[in-house]
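A.B. asks: One structure is given below, represented as structure tokens, and several questions about it will come after.
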Amino acid sequence: MKHSFLDQYSDRDSPLHRLDPRSKLVATLAFIIAVVLTPVDSWPAYGMYLVLLAVLIVLSRVPPLYILRRSLVIVPFVLLVAVLIPFFKGGEVAGSYNIGMWHISVSQSGLQIFWNILARAWLSIISLSILAATTRFASLLEGLERLRFPRVLVMLLSFMYRYIFILTDEVMRMKQARDSRSFGGKWRWQIKTVGNMVGTLFLRSYERGERVYAAMVARGFDGHSRTLERLRFGRRDALFAAGLSLALVAINLFNLLY
Amino acid sequence: MEELITVKNLSFSYPDGQQALIDVNLAIYRGESLALIGPNGAGKSTLLLHLNGILRSNGAVSLLGSPIDESNLKWARSRVGLVFQNPDDQLFSPTVFDDVAFGPINMGLSDGQVRQAVTRALGLVGMSGYEKRSPHHLSFGEKKRIALATVLSMSPEILVIDEPTSNLDPRGKWSFIGVLERMAGTKIIVTHDLELVGALCRRVVILDQGRVVADGGTGDILADKRLLAAHGLAPDGASLKLKRRG
Ligand SMILES: Nc1ncnc2c1ncn2[C@@H]1O[C@H](COP(=O)(O)OP(=O)(O)O)[C@@H](O)[C@H]1O
Ligand SMILES: [Mg+2]
């Protein structure tokens, strides 16, 4: 089966695609830090972050709707975490309700924090989506490695990327095999079947792990991962890094003036 | 002829007690291509894992006269290139390049040499230009070829291949056999596929229940229907008769 749910569009070509993965990684990190450090009440700054992202999306030639759709995935999680804040934060009351015997009030500053968390999370996830849509996963890993990200973690990510599709296929096949023998009946029995399938999946993955390890050892693997130096940090990267950091600084300075 | 690999009185059981090999003796000579055949569970894969020291049973396997042990493990693995049956086990890197380069990098080659080795190996299996692809976007036949390339890039003296044609359709199978045919050097091929044996190998060894039960020229062994049937490699007399009557 073919899957492309991780780094779709990353094999296209655009100025952003051609950048060194390291500059994109650092830029994304810088962007997220800037967003997180921007004061709660400076909405113009948040607006400008969004404009900056829009410019990057246009440069990347990735369909904006795709980025938008991906970025919305995060919203439910943020809601889950942030939804209670307006109720517990003290301060000026924006509204109060009586539900049964409880008196509930929503504070103004709590509401502001809530919207703020949502905005920050959304901006950050858009920037990450742009990164993923303009960088092949393999280059991303290479970039992480060159940035001295721990080798073990890079390897872990690389195996996850390589085998997630194979495991997905395996699950699909198990599901088909189960359904073709007309899965149904009492829910207790259904739960037991699913439990068995999960067990089988773990066992198969473990056995595959052993075979993969044997294949690595057979080619001289001794526990140290080594890679070639292939990345080139060029003029364009310097330009991009300088441009983006200036933009981030400008947005925050503008904030001070405002 | 020079003896490349010598297996002497090799017995092996897995930790769970399963006896997989019993007193195996085998000599492999430079330049020959040998087929190792036998029914499922005969111990073929277990024997292959001994040939480059992934499994070891003290001193039973020698490579170019030196017993394989801790001290020469790395050398043994670069000399004996082992291609696993399932390419999804063999290809574990995010890109084809990374996978084919994995062996040469571990051997300590310089960047330039690694690149050269990768280009050469991909050329040998007819997959030049696939460097940047990721394995999950390849067809099964392509994965098989890349899996072979990951070993060829180490320029091994002996190529050991586990079931090269399993799961390939006839076209994929014959084109893969073509690739193997063009490959110079010593080859050990594990298979159930007697067509493959006939096309590629001069000598056949039959393994059954952990023992070597036959070792001879391909012509003689493939002609001996009784022997093949006795080890589950050809239909036995009874089922043949059934077919004729029906
Ligand atoms: N990792 C393992 N642990 C325990 N037993 C194993 C393992 N791998 C293989 N076996 C057993 O060893 C015997 C030989 O297996 P194998 O070498 O894979 O056979 P073949 O490749 O000829 O089909 C079989 O009985 C098999 O069940
Ligand atoms: Mg086997």
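Numbering starts fresh at 1 for the residues of each chain in the structure tokens, the chains themselves are lettered A, B, ... in the order given, and ligands are numbered from 1 as they appear.
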Taking only C-alpha atoms into account, find every residue of chain A that has an atom no more than 7 Å from chain B, and write it out as a VMD selection string.
C.D. replies: chain A and resid 2 138 158 to 159 162 208 211 to 212 214 to 215 218 to 221 226 228
A.B. asks: Let me see the file: selected residues, N, CA, C and O atoms, as a tab-separated table (two decimals), in the first residue's frame.
C.D. replies:
chain	number	residue	atom	x	y	z
A	2	LYS	N	0.34	2.30	-0.57
A	2	LYS	CA	1.09	3.56	-0.61
A	2	LYS	C	0.56	4.51	0.45
A	2	LYS	O	-0.63	4.64	0.65
A	138	ALA	N	13.87	12.43	5.48
A	138	ALA	CA	15.28	12.02	5.57
A	138	ALA	C	16.19	13.23	5.77
A	138	ALA	O	17.13	13.17	6.57
A	158	SER	N	14.10	7.74	12.77
A	158	SER	CA	14.27	7.18	11.45
A	158	SER	C	13.60	5.81	11.34
A	158	SER	O	12.95	5.50	10.35
A	159	PHE	N	13.73	5.00	12.38
A	159	PHE	CA	13.05	3.70	12.35
A	159	PHE	C	11.53	3.87	12.36
A	159	PHE	O	10.81	3.15	11.68
A	162	ARG	N	10.47	4.74	8.96
A	162	ARG	CA	10.60	3.65	8.01
A	162	ARG	C	9.51	2.58	8.23
A	162	ARG	O	8.99	2.00	7.30
A	208	ARG	N	10.25	-8.60	14.09
A	208	ARG	CA	10.82	-7.83	13.00
A	208	ARG	C	12.03	-7.07	13.50
A	208	ARG	O	13.06	-6.99	12.84
A	211	ARG	N	14.98	-9.18	13.37
A	211	ARG	CA	15.49	-9.41	12.02
A	211	ARG	C	16.19	-8.18	11.48
A	211	ARG	O	17.24	-8.28	10.84
A	212	VAL	N	15.60	-7.00	11.73
A	212	VAL	CA	16.22	-5.77	11.26
A	212	VAL	C	17.59	-5.60	11.91
A	212	VAL	O	18.57	-5.27	11.24
A	214	ALA	N	19.54	-7.94	12.96
A	214	ALA	CA	20.46	-8.89	12.31
A	214	ALA	C	20.94	-8.33	10.98
A	214	ALA	O	22.12	-8.44	10.63
A	215	ALA	N	20.02	-7.69	10.23
A	215	ALA	CA	20.41	-7.14	8.94
A	215	ALA	C	21.41	-5.99	9.11
A	215	ALA	O	22.29	-5.80	8.28
A	218	ALA	N	24.75	-7.58	10.09
A	218	ALA	CA	25.36	-8.24	8.94
A	218	ALA	C	26.12	-7.26	8.07
A	218	ALA	O	26.97	-7.65	7.28
A	219	ARG	N	25.80	-5.99	8.16
A	219	ARG	CA	26.54	-5.00	7.37
A	219	ARG	C	27.46	-4.18	8.26
A	219	ARG	O	27.71	-3.00	8.03
A	220	GLY	N	27.96	-4.83	9.31
A	220	GLY	CA	29.04	-4.23	10.07
A	220	GLY	C	28.60	-3.22	11.13
A	220	GLY	O	29.43	-2.49	11.65
A	221	PHE	N	27.32	-3.17	11.47
A	221	PHE	CA	26.87	-2.25	12.51
A	221	PHE	C	27.42	-2.69	13.86
A	221	PHE	O	27.35	-3.86	14.21
A	226	ARG	N	26.97	6.09	11.97
A	226	ARG	CA	27.79	7.09	11.30
A	226	ARG	C	27.06	7.51	10.04
A	226	ARG	O	26.32	6.73	9.46
A	228	LEU	N	27.25	10.29	6.38
A	228	LEU	CA	28.08	11.15	5.54
A	228	LEU	C	27.72	12.61	5.75
A	228	LEU	O	26.59	12.92	6.08
A.B. asks: Can you tell me which residues surround Ser13 (chain B) at a distance of at most 10 Å, considering only C-alpha atoms, apart from same-chain residues fewer than 4 positions away, and format the answer as a PyMOL selection string?
C.D. replies: chain B and resi 17-22+46+57+210
A.B. asks: Let me see the file: selected residues, all heavy atoms, as a compact mmCIF listing (two decimals), in the first residue's frame.
C.D. replies:
# COMPACT_ATOMS: atom_id res chain seq x y z
N GLY B 17 15.57 -24.24 22.74
CA GLY B 17 15.75 -25.69 22.68
C GLY B 17 15.55 -26.29 21.31
O GLY B 17 15.88 -27.46 21.07
N GLN B 18 15.02 -25.48 20.37
CA GLN B 18 14.78 -25.99 19.02
C GLN B 18 16.11 -26.32 18.33
O GLN B 18 16.95 -25.45 18.09
CB GLN B 18 14.02 -24.93 18.22
CG GLN B 18 13.79 -25.26 16.76
CD GLN B 18 12.78 -26.36 16.59
OE1 GLN B 18 11.78 -26.41 17.29
NE2 GLN B 18 13.06 -27.28 15.67
N GLN B 19 16.32 -27.60 18.02
CA GLN B 19 17.55 -28.02 17.35
C GLN B 19 17.44 -27.70 15.87
O GLN B 19 16.60 -28.28 15.18
CB GLN B 19 17.76 -29.52 17.55
CG GLN B 19 19.02 -30.08 16.93
CD GLN B 19 20.21 -30.00 17.89
OE1 GLN B 19 20.06 -30.13 19.08
NE2 GLN B 19 21.40 -29.78 17.35
N ALA B 20 18.23 -26.74 15.39
CA ALA B 20 18.05 -26.28 14.00
C ALA B 20 19.10 -26.88 13.06
O ALA B 20 18.82 -27.08 11.89
CB ALA B 20 18.09 -24.77 13.94
N LEU B 21 20.32 -27.16 13.56
CA LEU B 21 21.36 -27.73 12.71
C LEU B 21 22.03 -28.89 13.44
O LEU B 21 22.32 -28.78 14.63
CB LEU B 21 22.42 -26.68 12.36
CG LEU B 21 21.96 -25.51 11.49
CD1 LEU B 21 23.08 -24.48 11.36
CD2 LEU B 21 21.52 -25.98 10.11
N ILE B 22 22.25 -29.99 12.73
CA ILE B 22 22.87 -31.15 13.36
C ILE B 22 24.06 -31.62 12.53
O ILE B 22 23.91 -32.04 11.39
CB ILE B 22 21.86 -32.32 13.48
CG1 ILE B 22 20.60 -31.84 14.22
CG2 ILE B 22 22.48 -33.52 14.19
CD1 ILE B 22 19.42 -32.77 14.05
N THR B 46 19.11 -20.54 9.25
CA THR B 46 19.99 -20.65 10.41
C THR B 46 21.44 -20.89 9.96
O THR B 46 22.37 -20.28 10.50
CB THR B 46 19.53 -21.81 11.31
OG1 THR B 46 18.14 -21.66 11.57
CG2 THR B 46 20.29 -21.82 12.61
N SER B 57 28.90 -20.75 16.65
CA SER B 57 29.06 -21.95 17.49
C SER B 57 30.54 -22.26 17.41
O SER B 57 31.02 -22.71 16.39
CB SER B 57 28.25 -23.12 16.96
OG SER B 57 26.98 -22.69 16.57
N GLY B 210 17.73 -30.07 9.63
CA GLY B 210 19.00 -29.70 10.22
C GLY B 210 20.21 -30.47 9.72
O GLY B 210 21.32 -30.24 10.17
A.B. asks: Hey, which of B:Val213, B:Leu159, B:Met127, B:Leu148 ends up closest to Thr186 (chain B)? Count only C-alpha atoms.
C.D. replies: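 Once distances to Thr186 (chain B) are computed over only C-alpha atoms, the minimum belongs to B:Leu159.
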A.B. asks: With a distance cut-off of 10 Å and only C-alpha atoms, select the neighbouring residues of Gly232 (chain B), excluding the residue or stretch itself and same-chain residues fewer than 2 positions from it, and output the selection as a ChimeraX atom specification.
C.D. replies: /B:38-40,192,208,226-230,234-236
A.B. asks: In Å, how far is it from CA of Glu3 (chain B) to CA of Val204 (chain B)?
C.D. replies: 16.6 Å
A.B. asks: At a cut-off of 8 Å and counting only C-alpha atoms and all ligand atoms, what residues surround ligand 2? Please answer as a list in words.
C.D. replies: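 Residues satisfying the distance criterion: Asn40, Gly41, Gly43, Lys44, Ser45, Thr46, Gln85, Asp162, Glu163 and Val190 of chain B.
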A.B. asks: Take the residues that were just selected and, keeping all heavy atoms, output them as a compact mmCIF listing (two decimals), in the first residue's frame.
C.D. replies:
# COMPACT_ATOMS: atom_id res chain seq x y z
N ASN B 40 10.60 -25.99 4.22
CA ASN B 40 10.49 -24.98 5.27
C ASN B 40 10.93 -25.54 6.60
O ASN B 40 10.61 -26.67 6.94
CB ASN B 40 9.04 -24.50 5.41
CG ASN B 40 8.67 -23.54 4.30
OD1 ASN B 40 9.51 -22.78 3.82
ND2 ASN B 40 7.42 -23.59 3.88
N GLY B 41 11.68 -24.75 7.35
CA GLY B 41 12.08 -25.18 8.69
C GLY B 41 13.26 -26.14 8.68
O GLY B 41 13.61 -26.70 9.70
N GLY B 43 16.34 -25.43 8.32
CA GLY B 43 17.53 -24.87 8.94
C GLY B 43 18.38 -24.06 7.98
O GLY B 43 19.51 -23.67 8.33
N LYS B 44 17.86 -23.79 6.80
CA LYS B 44 18.65 -23.07 5.79
C LYS B 44 19.03 -21.68 6.27
O LYS B 44 20.21 -21.31 6.23
CB LYS B 44 17.84 -22.97 4.47
CG LYS B 44 17.38 -24.31 3.93
CD LYS B 44 16.59 -24.16 2.65
CE LYS B 44 15.30 -23.35 2.78
NZ LYS B 44 14.20 -23.98 3.49
N SER B 45 18.02 -20.93 6.74
CA SER B 45 18.34 -19.56 7.18
C SER B 45 19.29 -19.58 8.37
O SER B 45 20.18 -18.73 8.48
CB SER B 45 17.06 -18.81 7.56
OG SER B 45 16.19 -18.74 6.45
N THR B 46 19.11 -20.54 9.25
CA THR B 46 19.99 -20.65 10.41
C THR B 46 21.44 -20.89 9.96
O THR B 46 22.37 -20.28 10.50
CB THR B 46 19.53 -21.81 11.31
OG1 THR B 46 18.14 -21.66 11.57
CG2 THR B 46 20.29 -21.82 12.61
N GLN B 85 15.85 -12.50 3.45
CA GLN B 85 14.73 -12.88 2.61
C GLN B 85 13.74 -11.72 2.40
O GLN B 85 13.31 -11.46 1.30
CB GLN B 85 14.00 -14.06 3.26
CG GLN B 85 12.79 -14.50 2.46
CD GLN B 85 12.11 -15.69 3.11
OE1 GLN B 85 12.65 -16.29 4.03
NE2 GLN B 85 10.95 -16.04 2.62
N ASP B 162 19.15 -15.25 0.73
CA ASP B 162 18.07 -16.09 1.25
C ASP B 162 16.81 -15.90 0.41
O ASP B 162 16.26 -14.79 0.36
CB ASP B 162 17.80 -15.71 2.72
CG ASP B 162 17.12 -16.84 3.48
OD1 ASP B 162 16.68 -17.82 2.84
OD2 ASP B 162 17.03 -16.74 4.72
N GLU B 163 16.37 -16.94 -0.25
CA GLU B 163 15.14 -16.95 -1.04
C GLU B 163 14.96 -15.70 -1.91
O GLU B 163 14.04 -14.91 -1.71
CB GLU B 163 13.93 -17.11 -0.11
CG GLU B 163 14.14 -18.27 0.83
CD GLU B 163 12.85 -19.00 1.18
OE1 GLU B 163 11.80 -18.65 0.62
OE2 GLU B 163 12.92 -19.92 2.01
N VAL B 190 19.85 -19.67 -1.26
CA VAL B 190 18.86 -20.51 -0.60
C VAL B 190 17.55 -20.36 -1.34
O VAL B 190 17.14 -19.24 -1.65
CB VAL B 190 18.67 -20.09 0.86
CG1 VAL B 190 17.37 -20.63 1.41
CG2 VAL B 190 19.83 -20.58 1.70
A.B. asks: Can you tell me which residues surround Thr165 (chain B) at a distance of at most 9 Å, considering only C-alpha atoms, apart from same-chain residues fewer than 5 positions away, and format the answer as a list in words?
C.D. replies: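 Here the answer would be Gln85, Lys144, Pro170, Gly172, Lys173, Trp174, Phe176, Ile177, Thr191, His192, Asp193 and Leu196 of chain B.
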A.B. asks: Name the residues of region 38-234 of chain B that fall into strand (DSSP E or B) according to DSSP on the backbone, using the chain letters and numbers of this document, as number ranges by chain.
C.D. replies: B: 61-63, 66-67, 80-83, 158-162, 186-191, 203-208, 211-217
A.B. asks: Between A:Glu207, A:Asp237, A:Asp222, A:Asp11, which has the minimum distance to ligand 1 (counting only C-alpha atoms and all ligand atoms)?
C.D. replies: A:Glu207
A.B. asks: Considering only C-alpha atoms, return as a ChimeraX atom specification whatever protein or nucleic-acid residues lie within 12 Å of Ser175 (chain B), sequence-local ones (same chain, fewer than 3 positions apart) excluded.
C.D. replies: /B:125-126,141-142,144-145,164-165,168-172,178-182,196
A.B. asks: Residues as selected, C-alpha atoms, written as a PDB file, in the first residue's frame, can you do that?
C.D. replies:
ATOM      1  CA  VAL B 125      21.311  -4.107  -9.918  1.00  0.00           C
ATOM      2  CA  GLY B 126      19.951  -1.719 -12.550  1.00  0.00           C
ATOM      3  CA  GLY B 141      10.827  -6.257  -7.002  1.00  0.00           C
ATOM      4  CA  GLU B 142      12.631  -2.934  -6.681  1.00  0.00           C
ATOM      5  CA  LYS B 144      14.624  -6.882  -3.674  1.00  0.00           C
ATOM      6  CA  ARG B 145      17.152  -5.278  -6.010  1.00  0.00           C
ATOM      7  CA  PRO B 164      15.791 -14.338  -3.726  1.00  0.00           C
ATOM      8  CA  THR B 165      12.688 -15.086  -5.784  1.00  0.00           C
ATOM      9  CA  LEU B 168       8.139 -12.224  -6.969  1.00  0.00           C
ATOM     10  CA  ASP B 169       5.890 -12.609  -9.993  1.00  0.00           C
ATOM     11  CA  PRO B 170       7.392 -14.532 -12.936  1.00  0.00           C
ATOM     12  CA  ARG B 171       8.608 -11.421 -14.709  1.00  0.00           C
ATOM     13  CA  GLY B 172      10.161 -10.031 -11.536  1.00  0.00           C
ATOM     14  CA  GLY B 178      19.194 -12.110 -14.753  1.00  0.00           C
ATOM     15  CA  VAL B 179      20.734  -9.685 -12.277  1.00  0.00           C
ATOM     16  CA  LEU B 180      22.198 -12.549 -10.237  1.00  0.00           C
ATOM     17  CA  GLU B 181      23.507 -14.227 -13.348  1.00  0.00           C
ATOM     18  CA  ARG B 182      25.524 -11.151 -14.296  1.00  0.00           C
ATOM     19  CA  LEU B 196      16.196 -20.790 -10.290  1.00  0.00           C
TER      20      LEU B 196
END
